[in-house]
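Listing of start-v6.csv; format and content: CSV, N, CA and C atoms.
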chain,number,residue,atom,x,y,z
A,1,MET,N,33.2,-33.2,-56.0
A,1,MET,CA,32.9,-33.5,-57.4
A,1,MET,C,34.0,-34.4,-57.9
A,2,ARG,N,33.6,-35.2,-58.8
A,2,ARG,CA,34.6,-36.1,-59.5
A,2,ARG,C,35.0,-35.4,-60.8
A,3,VAL,N,36.2,-35.1,-60.9
A,3,VAL,CA,36.7,-34.4,-62.2
A,3,VAL,C,37.4,-35.4,-63.1
A,4,ILE,N,36.9,-35.4,-64.3
A,4,ILE,CA,37.4,-36.3,-65.4
A,4,ILE,C,37.9,-35.5,-66.5
A,5,ALA,N,39.1,-35.5,-66.8
A,5,ALA,CA,40.2,-36.2,-66.4
A,5,ALA,C,41.4,-35.3,-66.1
A,6,LYS,N,42.1,-35.5,-65.0
A,6,LYS,CA,43.2,-34.7,-64.6
A,6,LYS,C,44.3,-34.7,-65.6
A,7,ARG,N,44.5,-35.8,-66.3
A,7,ARG,CA,45.6,-35.9,-67.2
A,7,ARG,C,45.5,-34.9,-68.4
A,8,THR,N,44.2,-34.5,-68.7
A,8,THR,CA,44.0,-33.5,-69.7
A,8,THR,C,44.7,-32.2,-69.2
A,9,LEU,N,44.4,-31.8,-67.9
A,9,LEU,CA,45.0,-30.6,-67.4
A,9,LEU,C,46.6,-30.8,-67.3
A,10,ARG,N,47.0,-31.9,-66.9
A,10,ARG,CA,48.4,-32.2,-66.7
A,10,ARG,C,49.2,-32.0,-68.1
A,11,SER,N,48.6,-32.6,-69.1
A,11,SER,CA,49.2,-32.5,-70.4
A,11,SER,C,49.3,-31.0,-70.9
A,12,PHE,N,48.3,-30.2,-70.5
A,12,PHE,CA,48.3,-28.8,-70.8
A,12,PHE,C,49.4,-28.0,-70.1
A,13,TRP,N,49.4,-28.3,-68.7
A,13,TRP,CA,50.4,-27.5,-68.0
A,13,TRP,C,51.8,-27.9,-68.2
A,14,VAL,N,52.1,-29.1,-68.7
A,14,VAL,CA,53.4,-29.5,-69.1
A,14,VAL,C,53.9,-28.5,-70.3
A,15,LYS,N,53.0,-28.2,-71.2
A,15,LYS,CA,53.3,-27.3,-72.3
A,15,LYS,C,53.3,-25.8,-71.9
A,16,HIS,N,52.4,-25.5,-70.9
A,16,HIS,CA,52.2,-24.1,-70.5
A,16,HIS,C,52.5,-24.0,-69.0
A,17,LYS,N,53.7,-24.0,-68.6
A,17,LYS,CA,54.2,-24.0,-67.2
A,17,LYS,C,53.6,-22.9,-66.4
A,18,ASP,N,53.3,-21.8,-67.0
A,18,ASP,CA,52.8,-20.6,-66.2
A,18,ASP,C,51.5,-20.8,-65.6
A,19,CYS,N,50.7,-21.8,-66.0
A,19,CYS,CA,49.4,-22.0,-65.5
A,19,CYS,C,49.3,-23.3,-64.6
A,20,GLU,N,50.4,-24.0,-64.4
A,20,GLU,CA,50.4,-25.2,-63.6
A,20,GLU,C,49.8,-25.1,-62.2
A,21,GLN,N,50.2,-24.1,-61.5
A,21,GLN,CA,49.7,-23.9,-60.1
A,21,GLN,C,48.2,-23.6,-60.1
A,22,GLN,N,47.8,-22.7,-61.0
A,22,GLN,CA,46.4,-22.4,-61.1
A,22,GLN,C,45.5,-23.5,-61.5
A,23,LEU,N,45.9,-24.4,-62.4
A,23,LEU,CA,45.2,-25.5,-62.8
A,23,LEU,C,45.1,-26.6,-61.7
A,24,LYS,N,46.2,-26.7,-61.0
A,24,LYS,CA,46.2,-27.6,-59.8
A,24,LYS,C,45.3,-27.1,-58.7
A,25,SER,N,45.3,-25.9,-58.5
A,25,SER,CA,44.4,-25.3,-57.5
A,25,SER,C,42.9,-25.5,-57.9
A,26,TRP,N,42.6,-25.2,-59.2
A,26,TRP,CA,41.2,-25.3,-59.7
A,26,TRP,C,40.8,-26.8,-59.5
A,27,TYR,N,41.7,-27.7,-59.9
A,27,TYR,CA,41.3,-29.1,-59.8
A,27,TYR,C,41.0,-29.5,-58.3
A,28,LYS,N,41.8,-29.1,-57.4
A,28,LYS,CA,41.6,-29.4,-56.0
A,28,LYS,C,40.3,-28.8,-55.5
A,29,GLU,N,40.1,-27.5,-55.8
A,29,GLU,CA,38.9,-26.9,-55.4
A,29,GLU,C,37.6,-27.6,-56.0
A,30,ALA,N,37.7,-28.0,-57.3
A,30,ALA,CA,36.6,-28.6,-57.9
A,30,ALA,C,36.3,-30.0,-57.3
A,31,GLU,N,37.4,-30.7,-57.0
A,31,GLU,CA,37.2,-32.0,-56.3
A,31,GLU,C,36.6,-31.9,-54.9
A,32,ASP,N,36.9,-30.9,-54.2
A,32,ASP,CA,36.4,-30.7,-52.9
A,32,ASP,C,35.0,-30.0,-52.8
A,33,ALA,N,34.6,-29.5,-54.0
A,33,ALA,CA,33.3,-28.8,-54.0
A,33,ALA,C,32.1,-29.7,-54.1
A,34,ILE,N,31.0,-29.2,-53.7
A,34,ILE,CA,29.7,-29.9,-53.9
A,34,ILE,C,28.8,-28.9,-54.6
A,35,TRP,N,28.9,-28.8,-55.9
A,35,TRP,CA,28.1,-27.9,-56.7
A,35,TRP,C,26.8,-28.5,-57.0
A,36,LYS,N,25.7,-27.8,-56.5
A,36,LYS,CA,24.4,-28.3,-56.8
A,36,LYS,C,23.7,-27.6,-57.9
A,37,GLY,N,24.4,-26.5,-58.4
A,37,GLY,CA,23.9,-25.7,-59.5
A,37,GLY,C,24.9,-24.6,-59.8
A,38,PRO,N,24.6,-23.9,-60.9
A,38,PRO,CA,25.5,-22.8,-61.3
A,38,PRO,C,25.7,-21.7,-60.2
A,39,SER,N,24.7,-21.5,-59.4
A,39,SER,CA,24.9,-20.4,-58.4
A,39,SER,C,26.0,-20.8,-57.4
A,40,ASP,N,26.2,-22.1,-57.1
A,40,ASP,CA,27.3,-22.6,-56.2
A,40,ASP,C,28.6,-22.3,-56.9
A,41,ILE,N,28.7,-22.5,-58.2
A,41,ILE,CA,30.0,-22.2,-58.9
A,41,ILE,C,30.3,-20.7,-58.9
A,42,LYS,N,29.2,-19.9,-59.1
A,42,LYS,CA,29.4,-18.4,-59.2
A,42,LYS,C,29.9,-17.8,-57.9
A,43,VAL,N,29.5,-18.4,-56.8
A,43,VAL,CA,30.0,-17.9,-55.5
A,43,VAL,C,31.5,-18.0,-55.4
A,44,GLU,N,32.1,-19.1,-55.9
A,44,GLU,CA,33.6,-19.3,-55.8
A,44,GLU,C,34.3,-18.7,-57.0
A,45,TYR,N,33.6,-18.7,-58.2
A,45,TYR,CA,34.2,-18.2,-59.4
A,45,TYR,C,33.3,-17.2,-60.0
A,46,PRO,N,33.3,-15.9,-59.6
A,46,PRO,CA,32.4,-14.9,-60.1
A,46,PRO,C,32.6,-14.6,-61.6
A,47,THR,N,33.8,-14.9,-62.1
A,47,THR,CA,34.0,-14.6,-63.6
A,47,THR,C,33.6,-15.8,-64.5
A,48,ALA,N,33.2,-16.9,-63.9
A,48,ALA,CA,32.8,-18.1,-64.7
A,48,ALA,C,31.6,-17.7,-65.6
A,49,SER,N,31.6,-18.3,-66.8
A,49,SER,CA,30.5,-18.0,-67.7
A,49,SER,C,29.8,-19.4,-67.9
A,50,PHE,N,28.5,-19.3,-68.0
A,50,PHE,CA,27.6,-20.4,-68.1
A,50,PHE,C,27.0,-20.5,-69.5
A,51,LEU,N,27.2,-21.7,-70.1
A,51,LEU,CA,26.7,-21.9,-71.4
A,51,LEU,C,25.6,-23.0,-71.4
A,52,LYS,N,25.0,-23.3,-72.5
A,52,LYS,CA,23.9,-24.3,-72.6
A,52,LYS,C,24.5,-25.7,-72.2
A,53,ASP,N,23.6,-26.6,-71.9
A,53,ASP,CA,24.0,-28.0,-71.6
A,53,ASP,C,25.0,-28.1,-70.5
A,54,ASN,N,24.8,-27.3,-69.4
A,54,ASN,CA,25.6,-27.3,-68.2
A,54,ASN,C,27.1,-27.2,-68.4
A,55,ARG,N,27.5,-26.4,-69.5
A,55,ARG,CA,28.9,-26.1,-69.7
A,55,ARG,C,29.2,-24.8,-68.9
A,56,VAL,N,30.5,-24.9,-68.4
A,56,VAL,CA,31.0,-23.7,-67.7
A,56,VAL,C,32.3,-23.4,-68.2
A,57,VAL,N,32.6,-22.1,-68.4
A,57,VAL,CA,33.9,-21.6,-68.9
A,57,VAL,C,34.6,-20.9,-67.7
A,58,PHE,N,35.8,-21.3,-67.4
A,58,PHE,CA,36.6,-20.7,-66.3
A,58,PHE,C,37.7,-20.0,-66.9
A,59,ASN,N,38.0,-18.8,-66.4
A,59,ASN,CA,39.2,-18.0,-66.9
A,59,ASN,C,40.4,-18.5,-66.0
A,60,ILE,N,41.4,-18.9,-66.7
A,60,ILE,CA,42.6,-19.3,-66.0
A,60,ILE,C,43.8,-18.4,-66.3
A,61,LYS,N,44.5,-18.1,-65.2
A,61,LYS,CA,45.7,-17.2,-65.4
A,61,LYS,C,45.3,-15.8,-65.9
A,62,GLY,N,44.4,-15.2,-65.3
A,62,GLY,CA,44.0,-13.8,-65.7
A,62,GLY,C,43.4,-13.8,-67.1
A,63,ASN,N,42.7,-14.9,-67.4
A,63,ASN,CA,42.0,-15.0,-68.7
A,63,ASN,C,42.9,-15.2,-69.9
A,64,LYS,N,44.2,-15.6,-69.6
A,64,LYS,CA,45.1,-16.0,-70.6
A,64,LYS,C,44.7,-17.4,-71.2
A,65,TYR,N,44.1,-18.2,-70.4
A,65,TYR,CA,43.7,-19.5,-70.8
A,65,TYR,C,42.2,-19.7,-70.4
A,66,ARG,N,41.6,-20.6,-71.2
A,66,ARG,CA,40.2,-20.9,-70.9
A,66,ARG,C,40.0,-22.4,-70.7
A,67,LEU,N,39.2,-22.7,-69.7
A,67,LEU,CA,38.9,-24.1,-69.3
A,67,LEU,C,37.4,-24.3,-69.5
A,68,ILE,N,36.9,-25.2,-70.3
A,68,ILE,CA,35.5,-25.5,-70.4
A,68,ILE,C,35.2,-26.9,-69.8
A,69,VAL,N,34.2,-26.9,-69.0
A,69,VAL,CA,33.8,-28.2,-68.4
A,69,VAL,C,32.3,-28.4,-68.6
A,70,LYS,N,31.9,-29.6,-68.5
A,70,LYS,CA,30.5,-30.0,-68.5
A,70,LYS,C,30.2,-30.6,-67.1
A,71,VAL,N,29.2,-30.1,-66.5
A,71,VAL,CA,28.9,-30.5,-65.1
A,71,VAL,C,27.6,-31.3,-65.1
A,72,ASN,N,27.6,-32.4,-64.4
A,72,ASN,CA,26.4,-33.2,-64.1
A,72,ASN,C,26.2,-33.0,-62.6
A,73,TYR,N,25.4,-32.1,-62.2
A,73,TYR,CA,25.2,-31.7,-60.8
A,73,TYR,C,24.6,-32.9,-60.0
A,74,GLY,N,23.7,-33.6,-60.6
A,74,GLY,CA,23.1,-34.8,-59.9
A,74,GLY,C,24.1,-35.9,-59.6
A,75,TYR,N,24.9,-36.2,-60.5
A,75,TYR,CA,25.9,-37.3,-60.3
A,75,TYR,C,27.2,-36.7,-59.7
A,76,LYS,N,27.3,-35.4,-59.6
A,76,LYS,CA,28.6,-34.8,-59.0
A,76,LYS,C,29.8,-35.1,-59.9
A,77,ILE,N,29.7,-35.0,-61.2
A,77,ILE,CA,30.8,-35.2,-62.1
A,77,ILE,C,31.0,-34.0,-62.9
A,78,VAL,N,32.3,-33.7,-63.1
A,78,VAL,CA,32.8,-32.6,-64.0
A,78,VAL,C,33.7,-33.2,-65.0
A,79,TRP,N,33.3,-33.0,-66.3
A,79,TRP,CA,34.1,-33.5,-67.4
A,79,TRP,C,34.8,-32.3,-68.0
A,80,ILE,N,36.1,-32.4,-68.2
A,80,ILE,CA,36.9,-31.4,-68.8
A,80,ILE,C,36.7,-31.6,-70.3
A,81,ARG,N,36.2,-30.5,-71.0
A,81,ARG,CA,35.9,-30.6,-72.4
A,81,ARG,C,36.9,-29.9,-73.2
A,82,PHE,N,37.6,-28.8,-72.6
A,82,PHE,CA,38.6,-28.1,-73.4
A,82,PHE,C,39.4,-27.3,-72.5
A,83,ILE,N,40.7,-27.2,-72.8
A,83,ILE,CA,41.6,-26.3,-72.1
A,83,ILE,C,42.5,-25.7,-73.2
A,84,GLY,N,42.6,-24.4,-73.3
A,84,GLY,CA,43.5,-23.8,-74.3
A,84,GLY,C,43.7,-22.3,-74.1
A,85,THR,N,44.5,-21.8,-75.0
A,85,THR,CA,44.7,-20.3,-74.9
A,85,THR,C,43.4,-19.6,-75.3
A,86,HIS,N,43.4,-18.3,-74.9
A,86,HIS,CA,42.3,-17.5,-75.3
A,86,HIS,C,42.1,-17.5,-76.8
A,87,ALA,N,43.2,-17.4,-77.6
A,87,ALA,CA,43.1,-17.5,-79.0
A,87,ALA,C,42.5,-18.8,-79.5
A,88,GLN,N,42.9,-19.9,-78.9
A,88,GLN,CA,42.3,-21.2,-79.3
A,88,GLN,C,40.9,-21.3,-79.0
A,89,TYR,N,40.5,-20.7,-77.9
A,89,TYR,CA,39.1,-20.7,-77.4
A,89,TYR,C,38.2,-19.9,-78.4
A,90,ASP,N,38.8,-18.8,-79.0
A,90,ASP,CA,38.0,-18.0,-79.9
A,90,ASP,C,37.7,-18.8,-81.2
A,91,LYS,N,38.4,-19.9,-81.5
A,91,LYS,CA,38.3,-20.6,-82.7
A,91,LYS,C,37.3,-21.8,-82.6
A,92,ILE,N,36.8,-22.1,-81.4
A,92,ILE,CA,35.9,-23.2,-81.2
A,92,ILE,C,34.5,-22.8,-80.9
A,93,ASP,N,33.6,-23.7,-81.0
A,93,ASP,CA,32.2,-23.5,-80.5
A,93,ASP,C,32.1,-24.0,-79.1
A,94,ALA,N,32.2,-23.2,-78.2
A,94,ALA,CA,32.2,-23.6,-76.8
A,94,ALA,C,30.9,-24.3,-76.3
A,95,ASN,N,29.8,-24.1,-77.1
A,95,ASN,CA,28.6,-24.7,-76.7
A,95,ASN,C,28.5,-26.1,-77.2
A,96,SER,N,29.4,-26.6,-78.1
A,96,SER,CA,29.2,-27.9,-78.6
A,96,SER,C,30.5,-28.8,-78.4
A,97,ILE,N,31.5,-28.2,-77.9
A,97,ILE,CA,32.7,-29.0,-77.7
A,97,ILE,C,32.6,-30.0,-76.6
Starting from the coordinates I provided, produce the structure as structure tokens.
Amino acid sequence: MRVIAKRTLRSFWVKHKDCEQQLKSWYKEAEDAIWKGPSDIKVEYPTASFLKDNRVVFNIKGNKYRLIVKVNYGYKIVWIRFIGTHAQYDKIDANSI
């Protein structure tokens, strides 16, 4: 999959050093993946949540942080839509971000 954009993750882990390794691992795994649908993601990430419009929420660092991506399975593209603390996540509309 092509992940857009790593710099969003990098900017976040510079401020939150405790999640750097986990975000780097997620990025590498997503890049190497060939997700054809939500079931492919669920195999690797059983705690992932699926929202409307092909959005997926990943729990990072034991659910301390949340990562929301939008996936285009046909074009094999993953857009990072949001990365933040659980408290920040609670203040947004994950279905429209």
- Query: In Å, how far is it from CA of Gln21 in chain A to CA of Lys91 in chain A?
  - Reply: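 These atoms are spaced 25.5 Å apart.
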In Å and to one decimal, CA of Tyr75 in chain A is distant from CA of Tyr89 in chain A by 27.2 Å
Practice prompt. Please provide the set of residues having any atom within 8 Å of Asn72 in chain A, restricted to all atoms listed in the file, with same-chain residues fewer than 3 positions apart removed, written as number ranges by chain.
Written response: A: 35-37, 53-55, 69, 75-79
ask   = In range 10-92 of chain A, what's alpha helix (DSSP H) per DSSP? Answer as a ChimeraX atom specification?
value = /A:10-15,20-32,38-44,86-90
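Among the residues of range 1-94 of chain A, backbone DSSP assigns strand (DSSP E) to A:Arg2, A:Val3, A:Ile4, A:Ser49, A:Phe50, A:Leu51, A:Arg55, A:Val56, A:Val57, A:Phe58, A:Asn59, A:Ile60, A:Tyr65, A:Arg66, A:Leu67, A:Ile68, A:Val69, A:Lys70, A:Val71, A:Asn72, A:Ile77, A:Val78, A:Trp79, A:Ile80, A:Arg81, A:Phe82, A:Ile83, A:Gly84, A:Thr85.
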